[in-house]
Structures are given as structure tokens and as C-alpha cells.
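Peer 1: Quick one: the structure is below, questions incoming.
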Protein chains: 2
Amino acid sequence: MSKDWLDMIKWDDRGLVPAIAQEMGSGKVLMLSWMNRESLQLTRKTGHAVYWSRSRNALWHKGEASGHWQVVHAIQVDCDADVVLLEVEQKGSIACHTGRHNCFFRELHADQWVEIAPVLKDPDTIYNQS
Amino acid sequence: MSKDWLDMIKWDDRGLVPAIAQEMGSGKVLMLSWMNRESLQLTRKTGHAVYWSRSRNALWHKGEASGHWQVVHAIQVDCDADVVLLEVEQKGSIACHTGRHNCFFRELHADQWVEIAPVLKDPDTIYNQS
């Protein structure tokens, strides 16, 4: 498998790019994580989202512990080649380690952050921490 | 106007967070840019997306030169409070400085990046560079 496509990405000084996971169908933005070269290559190879955990300094096969995989249907890159957008199918419905469907569950209303999405699953049962 | 809501954001070591602009209605992810505290505050205050240009080290009132404003209908923050998601209405249809509707116009097909969206406007006429 040619890896030339990976050379086009402009990795930052830590060797990372932001990767947005967008849900196929609903169009909902589930989360933003980070990828290094190896994680993007593994994502391509396995068809499942693999990120780079900045807190653990390690590859993060999302769903490995929780079963909440992200099946990747498309990989896109932006004009500057420094942001990746994944079209994903979220297995188990829970993308967020807080037990919510997606990570963007707080919205600004009159200078207050208001929770706009419910917890669907006890976070202690998820093991989905990045 | 209370600014407590800004204190909740976890700015990175450069004082920035990634900000995703998602189009209202279509759900299309238009672009990812960066914001500092001042740009997010201005976005809230003006109702138009204001980013931080890392290349120019300056505030970037998107659309100021091109007329391609982003009217901001919602501001959300993720679980770790280090990513912002904007729901926007893209004036003039062109979010990308290449003259395309959005910045994610290349998709990986069999290890090749393939252009999947047309240029709608001559980029030299846009003055939309970040």
C-alpha cells in the first residue's frame, strides 16, 4: 500500500493534526481528537478510528475497551492539509467519555454554558477515556 | 456582560483552541480555524465568527475583506472544554480561500486524495486567506 498520501499531511510540530469525527447520516460532530502519522495510517488500514492520546502519549484505538468503535466511511483533508475530517458510524451510540452521544453537549445561552444533551450511559461503565 | 463563560475554556499553551465551523441546515463541516480568548469574545459579541490567524498573528474577522461572513447561531464547547463548535450561516457560500464552499474538498480514495468539490469562485477575487 502506497503511503504517499500520508506525506501530503502537514503535521504540526508535535507530529499531530486535529481529526474531527462527524457522524454519517445525522451529520453531528461527535468529537475532535488528534492523530499522528501512525494513527491515521492505522485508521486507513483497519477502517476503525485510531487516534493519538496526548494525555497518555499513546495510540488510542477508540472503542477497544468500551466497544464503542467508530467505523470510518470516509477520510477527508482540508485545504491546508492540516486538519482531517472523518465520516464515521458510531457503534454503541456513545462517542463521549461522559456517557453522551457526542462531546459537544454544552451550548452558550446568555453567557452561561447550558447542557443540551443527556447522559445515556454511566461513564464509569464506558472505559472510553482518551 | 459577564465573561465567566470564557474562563471555562481550556486554552492551549499558545492561548488557542480549535474552532470548528459547521453549516446550519446542511450540517456540513466548513472549516477548522483557531480562536483565542479575544476572538471568541468578539464572536459572541458581534454574532459573526472571529478567528485568530496563526500565520498573521492577528485577529481574523472572517469575511471582512470578502463579504463571506459567518453568522453564528450557536456556540458549543466539548467535554474537555478545549474545542469550540460553531453553528454558522455562511454568507456568500464560500468558506474556503480556494473558492470552494468548504475546506474539506479532498477525500481519500484508494490511497489517493481525490477532489470532491468544485471551485465556485476565482480565489483571486475572494481575499479570504486566513
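Convention: chains lettered A, B, ... in C-alpha cells order; per-chain residue numbering from 1; ligands numbered from 1 as shown.
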At a cut-off of 8 Å, which residues of chain A touch chain B? Count only C-alpha atoms and give the answer as a list in words.

Peer 2: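 Every residue meeting the condition is included here: Met1, Ser2, Lys3, Asp4, Trp5, Gly27, Lys28, Met31, Leu32, Ala74, Ile75, Gln76, Val77, Asp78, Cys79, Val83, Leu85, Cys96, Thr98, Cys103, Phe104, Phe105, Arg106, Glu107, Leu108, Asp111, Gln112 and Trp113 of chain A.
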
Peer 1: Could you pull out the helix (DSSP H, G or I) residues of stretch 24-129 of chain A from DSSP and send them as a PyMOL selection string?

Peer 2: chain A and resi 37-46+123-125

Peer 1: Taking the DSSP secondary structure from the backbone, can you list the residues of chain B that are strand (DSSP E or B), as a ChimeraX atom specification?

Peer 2: /B:17-23,29-35,48,50-53,58-61,70-77,84-90,106-109,112-115

Peer 1: For A:Val72, work out the shell of residues within 6 Å, counting only C-alpha atoms and skipping chain neighbours fewer than 6 positions away, then give it as a PyMOL selection string.

Peer 2: chain A and resi 47-48+87-88

Peer 1: Can I get the selection written as a tab-separated table (two decimals), in the first residue's frame, with C-alpha atoms?

Peer 2:
```tsv
chain	number	residue	atom	x	y	z
A	47	GLY	CA	-11.33	1.05	8.87
A	48	HIS	CA	-11.73	1.99	12.54
A	87	GLU	CA	-17.13	10.36	8.36
A	88	VAL	CA	-17.92	7.71	10.95
```

Peer 1: Atom CA of B:Trp11 to atom CA of B:Tyr51: how many Å, to one decimal?

Peer 2: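 Computing it gives 13.9 Å between the two atoms.
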
Peer 1: Neighbours of B:Thr125 within 10 Å (only C-alpha atoms; same-chain residues fewer than 4 positions away dropped), as number ranges by chain?

Peer 2: B: 66, 97, 99, 121

Peer 1: Can you spit out the residues from that selection as an mmCIF file, in the first residue's frame, using N, CA and C atoms?

Peer 2:
```cif
data_model
loop_
_atom_site.group_PDB
_atom_site.id
_atom_site.type_symbol
_atom_site.label_atom_id
_atom_site.label_comp_id
_atom_site.auth_asym_id
_atom_site.auth_seq_id
_atom_site.Cartn_x
_atom_site.Cartn_y
_atom_site.Cartn_z
ATOM 1 N N SER B 66 -13.822 39.807 2.196
ATOM 2 C CA SER B 66 -14.510 39.100 1.110
ATOM 3 C C SER B 66 -16.018 39.277 1.127
ATOM 4 N N HIS B 97 -10.733 29.546 1.233
ATOM 5 C CA HIS B 97 -9.974 30.532 0.456
ATOM 6 C C HIS B 97 -9.625 30.030 -0.944
ATOM 7 N N GLY B 99 -11.881 29.077 -2.924
ATOM 8 C CA GLY B 99 -13.066 29.375 -3.728
ATOM 9 C C GLY B 99 -14.114 28.284 -3.681
ATOM 10 N N LYS B 121 -15.718 29.949 -7.112
ATOM 11 C CA LYS B 121 -15.371 31.345 -7.336
ATOM 12 C C LYS B 121 -13.856 31.447 -7.471
#
```

Peer 1: So how many Å separate atom CA of B:His73 and atom CA of B:Val50, to one decimal?

Peer 2: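 Atom CA of B:Val50 lies at a distance of 13.4 Å from atom CA of B:His73.
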
Peer 1: Find the residues near B:His68: any atom within 6 Å, counting only C-alpha atoms, skip ones fewer than 3 places away on the same chain, and give them as number ranges by chain.

Peer 2: B: 63, 91-92

Peer 1: Please dump the current selection as an mmCIF file, in the first residue's frame; keep C-alpha atoms.

Peer 2:
```cif
data_model
loop_
_atom_site.group_PDB
_atom_site.id
_atom_site.type_symbol
_atom_site.label_atom_id
_atom_site.label_comp_id
_atom_site.auth_asym_id
_atom_site.auth_seq_id
_atom_site.Cartn_x
_atom_site.Cartn_y
_atom_site.Cartn_z
ATOM 1 C CA GLY B 63 -15.470 37.884 5.666
ATOM 2 C CA LYS B 91 -22.770 34.284 3.708
ATOM 3 C CA GLY B 92 -21.764 34.167 0.041
#
```

Peer 1: Could you check the closest approach to B:Leu40 for each of B:Met24, B:Ile94, B:Ala65, B:Leu59 and tell me which residue wins, using only C-alpha atoms?

Peer 2: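 Checking each of B:Met24, B:Ile94, B:Ala65, B:Leu59 against B:Leu40, counting only C-alpha atoms, the winner is B:Leu59.
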